[in-house]
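Asker: Below is the file model10.txt, with compact mmCIF, C-alpha atoms (C1' of nucleotides).
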```
# COMPACT_ATOMS: atom_id res chain seq x y z
CA MET A 1 0.00 0.00 0.00
CA PRO A 2 1.56 3.33 -1.06
CA ARG A 3 2.31 5.87 1.64
CA GLY A 4 -0.28 8.45 0.56
CA GLN A 5 -3.15 6.16 1.50
CA THR A 6 -2.33 5.33 5.11
CA ILE A 7 -2.81 7.51 8.18
CA SER A 8 0.30 8.02 10.29
CA THR A 9 0.23 8.45 14.05
CA LEU A 10 0.82 12.15 13.48
CA GLY A 11 -2.25 12.12 11.24
CA TYR A 12 -4.35 10.73 14.09
CA ALA A 13 -2.85 13.28 16.47
CA ILE A 14 -4.05 16.01 14.12
CA LEU A 15 -7.50 14.44 13.75
CA GLY A 16 -7.72 14.26 17.55
CA LEU A 17 -6.97 17.96 17.86
CA LEU A 18 -9.42 18.89 15.10
CA ALA A 19 -12.12 16.83 16.87
CA ARG A 20 -11.91 19.47 19.60
CA GLY A 21 -12.37 22.34 17.19
CA ASP A 22 -11.34 23.78 13.83
CA ALA A 23 -7.76 24.94 13.55
CA SER A 24 -5.12 26.14 11.09
CA GLY A 25 -1.73 24.50 10.57
CA TYR A 26 -0.27 27.24 12.71
CA ASP A 27 -2.79 26.59 15.50
CA LEU A 28 -2.01 22.89 15.38
CA THR A 29 1.72 23.52 15.63
CA GLY A 30 0.98 25.41 18.83
CA GLY A 31 -1.55 22.77 19.91
CA MET A 32 1.19 20.19 19.70
CA LYS A 33 2.65 21.85 22.78
CA GLU A 34 0.04 21.77 25.56
CA PRO A 35 -0.80 19.21 26.87
CA VAL A 36 -0.30 17.07 23.77
CA GLY A 37 3.37 18.01 23.52
CA PHE A 38 4.23 15.94 26.56
CA PHE A 39 3.45 12.70 24.71
CA TRP A 40 3.54 13.79 21.06
CA ASN A 41 5.00 16.69 19.17
CA ALA A 42 5.72 17.88 15.66
CA GLN A 43 7.15 20.86 13.83
CA HIS A 44 5.18 22.88 11.33
CA SER A 45 7.30 21.40 8.54
CA GLN A 46 5.70 18.06 9.29
CA ILE A 47 2.18 19.33 9.98
CA TYR A 48 1.54 21.25 6.75
CA PRO A 49 2.25 18.31 4.42
CA GLU A 50 0.31 15.97 6.71
CA LEU A 51 -2.75 18.24 6.58
CA ALA A 52 -2.56 18.20 2.78
CA ARG A 53 -2.43 14.39 2.84
CA LEU A 54 -5.40 14.15 5.22
CA GLU A 55 -7.33 16.47 2.96
CA GLY A 56 -6.46 14.32 -0.05
CA LEU A 57 -8.01 11.39 1.82
CA GLY A 58 -11.18 13.39 2.49
CA LEU A 59 -10.68 13.26 6.27
CA VAL A 60 -10.39 17.02 6.72
CA ALA A 61 -11.37 20.06 4.65
CA HIS A 62 -10.17 23.64 4.72
CA THR A 63 -11.57 27.11 4.07
CA VAL A 64 -9.42 30.18 3.62
CA VAL A 65 -10.13 32.83 6.23
CA THR A 66 -8.99 36.32 5.28
CA GLN A 67 -7.84 38.53 8.12
CA ASP A 68 -7.09 42.21 7.58
CA ASP A 69 -4.84 42.65 10.61
CA ARG A 70 -2.93 39.39 10.07
CA PRO A 71 -1.98 37.06 7.19
CA ASP A 72 -4.74 34.90 5.74
CA LYS A 73 -5.04 31.37 7.08
CA LYS A 74 -6.42 27.98 6.11
CA VAL A 75 -8.81 26.72 8.75
CA TYR A 76 -9.24 22.95 8.76
CA THR A 77 -12.41 21.12 9.79
CA LEU A 78 -12.74 17.44 10.65
CA GLN A 79 -14.94 15.61 8.13
CA PRO A 80 -17.25 12.68 9.04
CA ALA A 81 -14.79 10.26 7.40
CA GLY A 82 -12.03 11.70 9.55
CA ARG A 83 -14.04 11.31 12.74
CA SER A 84 -14.84 7.71 11.90
CA ALA A 85 -11.20 6.92 11.07
CA LEU A 86 -10.20 8.42 14.40
CA THR A 87 -12.71 6.44 16.49
CA THR A 88 -11.75 3.20 14.74
CA TRP A 89 -8.07 3.83 15.49
CA LEU A 90 -8.78 4.59 19.17
CA THR A 91 -9.70 1.03 20.06
CA ALA A 92 -7.70 -0.83 17.40
CA PRO A 93 -5.10 -3.35 18.64
CA MET A 94 -1.80 -1.68 19.41
CA GLU A 95 1.72 -2.97 20.00
CA VAL A 96 3.57 -1.81 23.08
CA PRO A 97 6.21 0.36 21.43
CA THR A 98 9.94 -0.02 22.09
CA LYS A 99 11.30 2.61 24.44
CA ARG A 100 14.41 4.76 23.99
CA ASP A 101 15.98 6.67 26.83
CA GLU A 102 19.45 8.13 26.54
CA LEU A 103 19.84 8.83 30.26
CA VAL A 104 19.16 5.20 31.13
CA LEU A 105 21.58 4.19 28.38
CA ARG A 106 24.19 6.35 30.04
CA ALA A 107 23.34 4.88 33.44
CA TYR A 108 24.10 1.45 32.01
CA SER A 109 27.72 2.57 31.43
CA ILE A 110 27.96 4.87 34.45
CA TRP A 111 30.49 2.61 36.19
CA LEU A 112 33.09 4.09 33.76
CA ALA A 113 32.32 7.71 34.67
CA ASP A 114 33.51 10.05 37.39
CA PRO A 115 30.82 9.64 40.11
CA ALA A 116 30.76 13.33 41.11
CA ALA A 117 30.30 14.54 37.52
CA ALA A 118 27.68 11.86 36.87
CA ALA A 119 25.82 12.83 40.05
CA ARG A 120 25.65 16.46 38.90
CA LEU A 121 24.16 15.42 35.56
CA VAL A 122 21.58 13.15 37.18
CA ARG A 123 20.61 15.79 39.77
CA GLU A 124 20.04 18.23 36.91
CA HIS A 125 17.66 15.77 35.29
CA ALA A 126 15.91 15.13 38.60
CA ARG A 127 15.25 18.86 38.80
CA ALA A 128 14.00 18.99 35.20
CA HIS A 129 11.53 16.16 35.84
CA ALA A 130 10.39 17.70 39.11
CA HIS A 131 9.76 20.92 37.24
CA ALA A 132 7.81 19.14 34.51
CA ARG A 133 5.74 17.31 37.15
CA GLU A 134 4.88 20.57 38.91
CA HIS A 135 3.92 22.06 35.58
CA PHE A 136 1.52 19.20 34.85
CA GLU A 137 0.09 19.35 38.36
CA HIS A 138 -0.62 23.02 37.91
CA LYS A 139 -2.24 22.35 34.53
CA LEU A 140 -4.47 19.71 36.06
CA LYS A 141 -5.51 21.97 38.92
CA THR A 142 -6.37 24.75 36.48
CA LEU A 143 -8.36 22.31 34.36
CA GLU A 144 -10.25 21.07 37.41
CA ALA A 145 -11.01 24.61 38.57
CA ARG A 146 -12.28 25.57 35.12
CA GLU A 147 -14.19 22.43 34.14
CA GLY A 148 -15.19 20.93 37.47
CA LYS A 149 -16.45 17.36 37.50
CA ALA A 150 -16.50 17.30 33.67
CA ILE A 151 -12.87 16.14 33.86
CA TRP A 152 -14.26 12.89 35.30
CA GLN A 153 -16.82 12.34 32.57
CA VAL A 154 -15.34 9.83 30.18
CA ASP A 155 -17.26 11.25 27.21
CA SER A 156 -15.98 14.77 27.78
CA PRO A 157 -12.91 16.07 25.90
CA TRP A 158 -11.60 17.31 29.25
CA PHE A 159 -11.34 13.75 30.44
CA GLY A 160 -8.80 13.12 27.66
CA ALA A 161 -6.67 16.01 28.87
CA HIS A 162 -7.11 14.84 32.46
CA ALA A 163 -5.97 11.30 31.62
CA ALA A 164 -2.94 12.55 29.68
CA LEU A 165 -1.91 14.92 32.48
CA ARG A 166 -2.22 12.13 35.05
CA ARG A 167 0.11 10.01 33.01
CA GLY A 168 2.51 12.92 32.71
CA ILE A 169 2.51 13.52 36.46
CA GLY A 170 3.09 9.85 37.24
CA PHE A 171 5.82 9.54 34.65
CA GLU A 172 7.75 12.57 35.84
CA ARG A 173 7.35 11.65 39.53
CA GLU A 174 8.70 8.18 38.92
CA TYR A 175 11.56 9.48 36.78
CA GLU A 176 12.49 12.01 39.45
CA THR A 177 12.48 9.31 42.13
CA TRP A 178 14.84 7.19 40.08
CA CYS A 179 17.18 10.12 39.38
CA ASP A 180 17.32 10.96 43.08
CA TRP A 181 18.10 7.35 43.97
CA LEU A 182 20.86 7.17 41.34
CA ALA A 183 22.36 10.53 42.28
CA GLY A 184 22.36 9.45 45.93
CA CYS A 185 24.33 6.31 45.07
CA LEU A 186 26.83 8.31 43.02
CA GLU A 187 27.30 10.98 45.69
CA ALA A 188 27.84 8.38 48.40
CA SER A 189 30.53 6.83 46.22
CA ALA A 190 32.14 10.18 45.34
CA GLY A 191 32.26 10.85 49.07
CA MET B 1 30.63 18.50 10.47
CA PRO B 2 29.90 15.60 8.08
CA ARG B 3 27.99 12.63 9.39
CA GLY B 4 30.85 10.11 9.29
CA GLN B 5 32.75 12.00 11.97
CA THR B 6 30.19 12.18 14.75
CA ILE B 7 29.15 9.42 17.14
CA SER B 8 25.45 8.69 17.24
CA THR B 9 23.62 7.54 20.37
CA LEU B 10 23.61 4.06 18.87
CA GLY B 11 27.38 4.35 18.54
CA TYR B 12 27.67 5.06 22.27
CA ALA B 13 25.31 2.18 23.01
CA ILE B 14 27.69 -0.13 21.12
CA LEU B 15 30.76 1.31 22.85
CA GLY B 16 29.03 0.75 26.20
CA LEU B 17 28.41 -2.88 25.37
CA LEU B 18 31.98 -3.41 24.10
CA ALA B 19 33.29 -1.86 27.35
CA ARG B 20 31.87 -4.96 29.06
CA GLY B 21 33.63 -7.33 26.70
CA ASP B 22 34.52 -8.05 23.09
CA ALA B 23 31.66 -8.96 20.80
CA SER B 24 30.68 -9.52 17.18
CA GLY B 25 27.94 -7.64 15.34
CA TYR B 26 25.75 -10.65 15.86
CA ASP B 27 26.47 -10.69 19.61
CA LEU B 28 25.66 -6.99 19.83
CA THR B 29 22.35 -7.49 18.02
CA GLY B 30 21.46 -9.98 20.73
CA GLY B 31 22.96 -7.74 23.43
CA MET B 32 20.57 -5.00 22.35
CA LYS B 33 17.86 -7.14 23.89
CA GLU B 34 18.67 -7.74 27.55
CA PRO B 35 18.58 -5.52 29.59
CA VAL B 36 19.62 -2.79 27.13
CA GLY B 37 16.64 -3.46 24.90
CA PHE B 38 14.25 -1.99 27.43
CA PHE B 39 15.69 1.50 26.87
CA TRP B 40 17.52 1.12 23.57
CA ASN B 41 17.37 -1.28 20.67
CA ALA B 42 18.60 -1.73 17.12
CA GLN B 43 18.45 -4.22 14.28
CA HIS B 44 21.52 -5.83 12.80
CA SER B 45 21.02 -3.71 9.66
CA GLN B 46 21.85 -0.67 11.75
CA ILE B 47 24.58 -2.25 13.86
CA TYR B 48 26.88 -3.53 11.11
CA PRO B 49 27.29 -0.17 9.35
CA GLU B 50 27.69 1.59 12.70
CA LEU B 51 30.50 -0.78 13.70
CA ALA B 52 32.26 0.01 10.43
CA ARG B 53 31.91 3.74 11.14
CA LEU B 54 33.26 3.37 14.68
CA GLU B 55 36.19 1.42 13.31
CA GLY B 56 36.84 4.16 10.75
CA LEU B 57 37.07 6.59 13.67
CA GLY B 58 39.56 4.32 15.45
CA LEU B 59 37.21 3.74 18.40
CA VAL B 60 36.92 -0.01 17.91
CA ALA B 61 38.99 -2.64 16.09
CA HIS B 62 38.12 -6.10 14.85
CA THR B 63 39.82 -9.43 14.36
CA VAL B 64 38.37 -12.25 12.30
CA VAL B 65 37.81 -15.39 14.36
CA THR B 66 37.50 -18.58 12.33
CA GLN B 67 35.21 -21.21 13.73
CA ASP B 68 35.05 -24.70 12.25
CA ASP B 69 31.59 -25.58 13.57
CA ARG B 70 30.04 -22.20 12.71
CA PRO B 71 30.57 -19.33 10.23
CA ASP B 72 33.55 -17.05 10.82
CA LYS B 73 32.93 -13.86 12.77
CA LYS B 74 34.41 -10.42 13.29
CA VAL B 75 35.07 -9.81 16.97
CA TYR B 76 35.23 -6.15 17.91
CA THR B 77 37.34 -4.72 20.73
CA LEU B 78 36.99 -1.29 22.33
CA GLN B 79 40.07 0.87 21.67
CA PRO B 80 41.45 3.45 24.16
CA ALA B 81 40.03 6.26 22.01
CA GLY B 82 36.63 4.57 22.15
CA ARG B 83 36.73 4.25 25.92
CA SER B 84 37.65 7.89 26.30
CA ALA B 85 34.89 9.02 23.90
CA LEU B 86 32.43 6.95 25.93
CA THR B 87 33.43 8.36 29.32
CA THR B 88 33.32 11.92 27.97
CA TRP B 89 29.81 11.35 26.64
CA LEU B 90 28.59 9.85 29.94
CA THR B 91 28.75 13.14 31.84
CA ALA B 92 28.28 15.57 28.94
CA PRO B 93 25.27 17.93 29.16
CA MET B 94 22.13 16.33 27.83
CA GLU B 95 18.74 17.67 26.79
CA VAL B 96 15.64 16.04 28.24
CA PRO B 97 14.30 14.36 25.10
CA THR B 98 10.75 14.80 23.86
CA LYS B 99 8.51 11.86 24.65
CA ARG B 100 6.18 10.00 22.29
CA ASP B 101 3.50 7.65 23.54
CA GLU B 102 0.73 6.47 21.26
CA LEU B 103 -1.44 5.08 24.06
CA VAL B 104 -1.49 8.45 25.83
CA LEU B 105 -2.23 10.08 22.48
CA ARG B 106 -5.22 7.79 22.15
CA ALA B 107 -6.28 8.52 25.72
CA TYR B 108 -6.39 12.20 24.80
CA SER B 109 -9.15 11.40 22.27
CA ILE B 110 -10.76 8.58 24.24
CA TRP B 111 -13.94 10.59 24.85
CA LEU B 112 -14.87 9.74 21.23
CA ALA B 113 -14.50 5.98 21.69
CA ASP B 114 -16.76 3.23 22.93
CA PRO B 115 -15.84 2.97 26.66
CA ALA B 116 -16.10 -0.82 26.83
CA ALA B 117 -13.84 -1.35 23.80
CA ALA B 118 -11.39 1.25 25.07
CA ALA B 119 -11.32 -0.39 28.51
CA ARG B 120 -10.42 -3.73 26.92
CA LEU B 121 -7.48 -2.15 25.06
CA VAL B 122 -6.21 -0.38 28.16
CA ARG B 123 -6.53 -3.51 30.33
CA GLU B 124 -4.46 -5.37 27.74
CA HIS B 125 -1.72 -2.79 28.05
CA ALA B 126 -1.93 -2.89 31.84
CA ARG B 127 -1.26 -6.61 31.62
CA ALA B 128 1.64 -6.11 29.20
CA HIS B 129 3.30 -3.59 31.53
CA ALA B 130 2.72 -5.79 34.57
CA HIS B 131 4.37 -8.63 32.69
CA ALA B 132 7.34 -6.45 31.72
CA ARG B 133 7.68 -5.30 35.34
CA GLU B 134 7.72 -8.87 36.62
CA HIS B 135 10.30 -9.74 34.01
CA PHE B 136 12.59 -6.92 35.15
CA GLU B 137 12.05 -7.81 38.81
CA HIS B 138 13.09 -11.37 38.07
CA LYS B 139 16.16 -10.15 36.17
CA LEU B 140 17.18 -7.96 39.09
CA LYS B 141 16.74 -10.79 41.60
CA THR B 142 18.86 -13.09 39.43
CA LEU B 143 21.52 -10.42 39.12
CA GLU B 144 21.54 -9.87 42.88
CA ALA B 145 21.79 -13.60 43.55
CA ARG B 146 24.69 -13.95 41.10
CA GLU B 147 26.66 -10.78 41.85
CA GLY B 148 25.74 -10.01 45.44
CA LYS B 149 26.61 -6.59 46.78
CA ALA B 150 28.59 -5.78 43.61
CA ILE B 151 25.33 -4.50 42.16
CA TRP B 152 25.61 -1.65 44.69
CA GLN B 153 29.18 -0.73 43.78
CA VAL B 154 28.98 2.26 41.51
CA ASP B 155 32.19 1.36 39.71
CA SER B 156 30.98 -2.16 38.87
CA PRO B 157 29.38 -2.89 35.49
CA TRP B 158 26.61 -4.68 37.39
CA PHE B 159 25.61 -1.41 38.97
CA GLY B 160 24.78 -0.12 35.47
CA ALA B 161 22.48 -3.08 34.85
CA HIS B 162 20.99 -2.64 38.33
CA ALA B 163 20.24 1.05 37.71
CA ALA B 164 18.68 0.37 34.31
CA LEU B 165 16.52 -2.45 35.71
CA ARG B 166 15.33 -0.23 38.56
CA ARG B 167 14.25 2.38 36.08
CA GLY B 168 12.48 -0.30 34.05
CA ILE B 169 10.62 -1.61 37.09
CA GLY B 170 9.55 1.87 38.17
CA PHE B 171 8.48 2.82 34.68
CA GLU B 172 6.37 -0.28 34.14
CA ARG B 173 4.80 -0.12 37.60
CA GLU B 174 3.76 3.48 37.08
CA TYR B 175 2.44 2.77 33.59
CA GLU B 176 0.43 -0.18 34.88
CA THR B 177 -1.06 1.95 37.67
CA TRP B 178 -2.18 4.55 35.15
CA CYS B 179 -3.68 1.94 32.81
CA ASP B 180 -5.61 0.41 35.71
CA TRP B 181 -6.95 3.81 36.75
CA LEU B 182 -7.99 4.63 33.19
CA ALA B 183 -9.58 1.25 32.57
CA GLY B 184 -11.49 1.62 35.85
CA CYS B 185 -12.94 4.95 34.73
CA LEU B 186 -13.93 3.51 31.35
CA GLU B 187 -15.54 0.42 32.86
CA ALA B 188 -17.53 2.47 35.36
CA SER B 189 -18.83 4.55 32.48
CA ALA B 190 -19.59 1.52 30.30
CA GLY B 191 -21.67 0.14 33.17
C1' DC C 1 14.90 49.98 13.62
C1' DC C 2 14.59 45.36 15.28
C1' DA C 3 12.50 41.49 17.38
C1' DT C 4 8.46 38.82 17.82
C1' DT C 5 4.22 36.83 16.35
C1' DC C 6 1.35 35.19 12.71
C1' DA C 7 1.25 32.39 8.67
C1' DT C 8 2.67 28.77 5.08
C1' DG C 9 5.40 26.21 2.65
C1' DT C 10 9.98 23.24 0.62
C1' DA C 11 14.58 20.81 0.83
C1' DA C 12 18.26 18.30 2.90
C1' DT C 13 19.54 15.15 6.04
C1' DC C 14 19.42 11.64 9.54
C1' DG C 15 17.96 7.76 12.31
C1' DG C 16 15.39 3.63 12.25
C1' DT C 17 12.48 -0.20 10.26
C1' DT C 18 11.50 -3.49 6.81
C1' DA C 19 12.83 -6.04 3.15
C1' DC C 20 16.26 -8.09 0.16
C1' DA C 21 20.30 -11.10 -0.19
C1' DT C 22 23.57 -14.94 0.87
C1' DG C 23 25.37 -18.96 3.01
C1' DA C 24 27.11 -22.44 6.59
C1' DT C 25 25.83 -25.54 10.32
C1' DT C 26 22.92 -27.93 13.55
C1' DC C 27 18.75 -29.96 15.14
C1' DT C 28 14.33 -32.32 14.34
C1' DA D 1 14.00 -32.54 3.82
C1' DG D 2 13.13 -28.45 6.35
C1' DA D 3 13.49 -25.29 10.19
C1' DA D 4 16.35 -22.81 13.35
C1' DT D 5 20.57 -20.65 14.64
C1' DC D 6 24.82 -18.34 13.45
C1' DA D 7 26.77 -14.81 10.68
C1' DT D 8 27.16 -10.49 7.69
C1' DG D 9 25.90 -7.36 4.75
C1' DT D 10 22.87 -3.79 1.31
C1' DA D 11 18.72 -1.20 -0.31
C1' DA D 12 14.35 1.02 -0.02
C1' DC D 13 11.47 3.55 2.57
C1' DC D 14 9.52 6.41 6.17
C1' DG D 15 9.20 9.52 10.00
C1' DA D 16 11.25 13.43 12.16
C1' DT D 17 14.52 17.32 12.68
C1' DT D 18 16.96 21.19 10.90
C1' DA D 19 17.57 24.48 7.67
C1' DC D 20 16.03 27.27 3.82
C1' DA D 21 12.60 30.53 2.12
C1' DT D 22 9.07 34.31 2.14
C1' DG D 23 6.29 37.95 3.90
C1' DA D 24 2.84 40.93 6.60
C1' DA D 25 1.75 43.09 11.11
C1' DT D 26 2.64 44.33 15.85
C1' DG D 27 5.26 45.88 19.86
C1' DG D 28 9.21 47.74 22.16
```
Could you write out this structure as structure tokens?
Answerer:
Amino acid sequence: MPRGQTISTLGYAILGLLARGDASGYDLTGGMKEPVGFFWNAQHSQIYPELARLEGLGLVAHTVVTQDDRPDKKVYTLQPAGRSALTTWLTAPMEVPTKRDELVLRAYSIWLADPAAAARLVREHARAHAHAREHFEHKLKTLEAREGKAIWQVDSPWFGAHAALRRGIGFEREYETWCDWLAGCLEASAG
Amino acid sequence: MPRGQTISTLGYAILGLLARGDASGYDLTGGMKEPVGFFWNAQHSQIYPELARLEGLGLVAHTVVTQDDRPDKKVYTLQPAGRSALTTWLTAPMEVPTKRDELVLRAYSIWLADPAAAARLVREHARAHAHAREHFEHKLKTLEAREGKAIWQVDSPWFGAHAALRRGIGFEREYETWCDWLAGCLEASAG
DNA sequence: CCATTCATGTAATCGGTTACATGATTCT
DNA sequence: AGAATCATGTAACCGATTACATGAATGG
């Protein structure tokens, strides 16, 4: 099957964003930041061609919106075929993907490194993950304050954001814990 | 700087494996499975050219070992320059990489799906992560039984495996917890 | 005047997966 | 006879990043 006729994961990410409301390529590039950016992201150079491909498949459609204060834009709308492709994908069988983590790869060889220098690096990452966790916690609190119990209603779009943020918080908390443990070991050894 | 003169992350992964002992391309392909495969992996089609590149940079060297019961093989040895490149990399500044997770991406759009079908998918993944966690726990126990307190000595290669396995266990446990929470929500809604 | 934001595209390159290709030996 | 393991490579393709390219409007 030639490439132009399949939907990539990025394609589904875009459909998922458009299911929440119409958007331009520029909007979507920004939308790939919060909170989607934590588990998926893309540059505009990837989004524009993908939108064209989705349109070629009849999954989305665009209208040109002229703005007098700003450049014109193409606003994309999810089509019925796009919505149905998205819902099919949501519950389709899925492989557990292979993971890649450079810091863990480094940890595997850390016995060759200077413990003090390694501890500094790992502490830095612990801080970064703590920061990310706090950021997600804040986002979730804001969402809860704004949407109330809707974040618990499985058929509400806010539940999707809620679920993703929960995963983000858990991921970062666990990563931070591991970094702290590792840095502790290294510091004890560096003495 | 042209491509042939830089070391890719895969290159460092190979150097890290060779630091533990000489190996052929075939050995390394297998070595990219346990326990390295949890956080990094590669096919032989990527490993063979990478070994040639590392040799071109003088970081590794090979000798042909003839075997009468099996095909000949090229056994690679880490060179001093390779060891030094590896140790430099270990403590070099590192960006926190962007994450990609298709299941979380799906969760973000899960409000459009049939809750019962979605719950089945998520329960499946919960099981897969529980299984992976148990696997890592078993690996760590085996390692501890075989190497004793060496797994706590930061300058021992076993500490690297220990650290990586710990991260794996924590990651899978946290992922499983999230899947169970999500599946619970979906099942409650499906009634 | 210069930087930033809004807005949309293309081209080059790289890292990784899948498929193609070959061939010996061992086990069932 | 056929499958599995050992062993090494190349080629095609695809997804993603970085860089190239253009241009209007706003804010400091």
Asker: Please, which residues of chain A lie no more than 8 Å from chain B when the count uses all atoms listed in the file, and can they be set out as a PyMOL selection string?
Answerer: chain A and resi 9+13+16+36+38-41+87-88+90-93+96+98-102+104-115+117-118+121+125+128+154-157+159-161+163-164+166-167+170-171+174-175+178+182+185-186+189
Asker: Show me, as a list in words, every residue of chain C with an atom at most 10 Å from chain B, counting all atoms listed in the file.
Answerer: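 Selected residues: DT13, DC14, DG15, DG16, DT17, DT18, DG23, DA24, DT25 and DT26 of chain C.
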Asker: Listing only residues of chain D within 8 Å of chain A, what is the closest atom pair and its distance in Å (to one decimal) for each, using only C-alpha atoms (C1' of nucleotides), sorted by chain and residue number ascending, as CSV?
Answerer:
```
residue,atom,partner,partner_atom,distance
D:DA16,C1',A:Gln46,CA,7.8
D:DA24,C1',A:Pro71,CA,6.2
D:DA25,C1',A:Arg70,CA,6.1
```
Asker: Here is a test: counting all atoms listed in the file, which residue of A:Glu134, A:Glu50, A:Glu34, A:Asp27 is nearest to DA7 in chain C?
Answerer: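 Among the listed residues, the smallest separation from DA7 in chain C belongs to A:Asp27.
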Asker: Quick one: residues within 12 Å of DA3 in chain C, only C-alpha atoms (C1' of nucleotides) counted, chain neighbours fewer than 2 positions away excluded, as a ChimeraX atom specification?
Answerer: /C:1,5 /D:26-28
Asker: One decimal, in Å: what's the spacing between CA of Asp22 in chain B and CA of Tyr76 in chain B?
Answerer: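 Straight-line distance from CA of Asp22 in chain B to CA of Tyr76 in chain B works out to 5.6 Å.
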Asker: If the box runs along x, y and z of the file and leaves 6 Å on each side of range 44-60 of chain A, what are its centre and edge lengths in Å, one decimal, as JSON?
Answerer:
```
{"center_x": -1.9, "center_y": 17.1, "center_z": 5.6, "size_x": 30.5, "size_y": 23.5, "size_z": 23.4}
```
Asker: Dump as an NGL selection string all residues having an atom at most 10 Å from (15.3, -5.9, -2.3), computed in the file's coordinates with all atoms listed in the file.
Answerer: (:C and (19-21)) or (:D and (10-12))
Asker: Generate a file of the selected residues that holds C-alpha atoms (C1' of nucleotides), formatted as a CSV table (one decimal), in the coordinates of the input.
Answerer:
```
chain,number,residue,atom,x,y,z
C,19,DA,C1',12.8,-6.0,3.2
C,20,DC,C1',16.3,-8.1,0.2
C,21,DA,C1',20.3,-11.1,-0.2
D,10,DT,C1',22.9,-3.8,1.3
D,11,DA,C1',18.7,-1.2,-0.3
D,12,DA,C1',14.4,1.0,0.0
```
Asker: Which residues are near Gly25 in chain B? Cut-off 9 Å, all atoms listed in the file, ignore same chain within fewer than 6 positions. Put them as a ChimeraX atom specification.
Answerer: /B:44,47-48,51,73-76 /D:7-8
Asker: Compile the contact shell of Pro80 in chain B as a VMD selection string: residues with an atom at most 9 Å away, counting all atoms listed in the file, same-chain residues fewer than 5 positions apart removed.
Answerer: chain B and resid 58 to 60 85
Asker: Taking only C-alpha atoms (C1' of nucleotides) into account, which of A:Thr6, A:Ile14, A:Glu176, A:Thr29 comes nearest DT8 in chain C?
Answerer: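 Residue with the minimum atom-to-atom distance to DT8 in chain C: A:Thr29.
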Asker: What residues have an atom no more than 12 Å from (12.4, 32.7, 6.2) in the file's own frame, counting only C-alpha atoms (C1' of nucleotides), and can you write them as a PDB file with C-alpha atoms (C1' of nucleotides), keeping the file's coordinate frame?
Answerer:
```pdb
ATOM      1  C1'  DA C   7       1.250  32.390   8.670  1.00  0.00           C
ATOM      2  C1'  DT C   8       2.670  28.770   5.080  1.00  0.00           C
ATOM      3  C1'  DG C   9       5.400  26.210   2.650  1.00  0.00           C
ATOM      4  C1'  DT C  10       9.980  23.240   0.620  1.00  0.00           C
TER       5       DT C  10
ATOM      6  C1'  DA D  19      17.570  24.480   7.670  1.00  0.00           C
ATOM      7  C1'  DC D  20      16.030  27.270   3.820  1.00  0.00           C
ATOM      8  C1'  DA D  21      12.600  30.530   2.120  1.00  0.00           C
ATOM      9  C1'  DT D  22       9.070  34.310   2.140  1.00  0.00           C
ATOM     10  C1'  DG D  23       6.290  37.950   3.900  1.00  0.00           C
TER      11       DG D  23
END
```
Asker: Hey, can you check how far CA of Leu54 in chain B sits from CA of Gly31 in chain B?
Answerer: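 Separation of CA of Leu54 in chain B and CA of Gly31 in chain B: 17.5 Å.
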Asker: Mind pulling up the distance from CA of Arg127 in chain B to CA of Leu143 in chain B?
Answerer: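 Value for the CA of Leu143 in chain B-CA of Arg127 in chain B distance: 24.3 Å.
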Asker: I'd like the neighbourhood of DT28 in chain C as a list in words, where a residue qualifies if any of its atoms comes within 10 Å (using all atoms listed in the file), though same-chain residues fewer than 3 positions away should be ignored.
Answerer: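 Selected residues are DG2, DA3 and DA4 of chain D.
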Asker: Got a minute to add N, CA and C atoms to range 127-135 of chain B and dump it as a CSV table (one decimal), in the frame of the given file?
Answerer:
```
chain,number,residue,atom,x,y,z
B,127,ARG,N,-1.8,-5.3,31.5
B,127,ARG,CA,-1.3,-6.6,31.6
B,127,ARG,C,0.2,-6.7,31.0
B,128,ALA,N,0.3,-6.1,29.9
B,128,ALA,CA,1.6,-6.1,29.2
B,128,ALA,C,2.7,-5.4,30.1
B,129,HIS,N,2.3,-4.3,30.7
B,129,HIS,CA,3.3,-3.6,31.5
B,129,HIS,C,3.6,-4.3,32.8
B,130,ALA,N,2.5,-5.0,33.4
B,130,ALA,CA,2.7,-5.8,34.6
B,130,ALA,C,3.7,-6.9,34.3
B,131,HIS,N,3.5,-7.5,33.1
B,131,HIS,CA,4.4,-8.6,32.7
B,131,HIS,C,5.8,-8.2,32.6
B,132,ALA,N,6.0,-7.0,31.9
B,132,ALA,CA,7.3,-6.4,31.7
B,132,ALA,C,8.0,-6.2,33.1
B,133,ARG,N,7.2,-5.6,34.0
B,133,ARG,CA,7.7,-5.3,35.3
B,133,ARG,C,8.2,-6.6,36.0
B,134,GLU,N,7.3,-7.6,36.0
B,134,GLU,CA,7.7,-8.9,36.6
B,134,GLU,C,9.0,-9.4,36.0
B,135,HIS,N,9.1,-9.3,34.7
B,135,HIS,CA,10.3,-9.7,34.0
B,135,HIS,C,11.5,-9.0,34.5
```
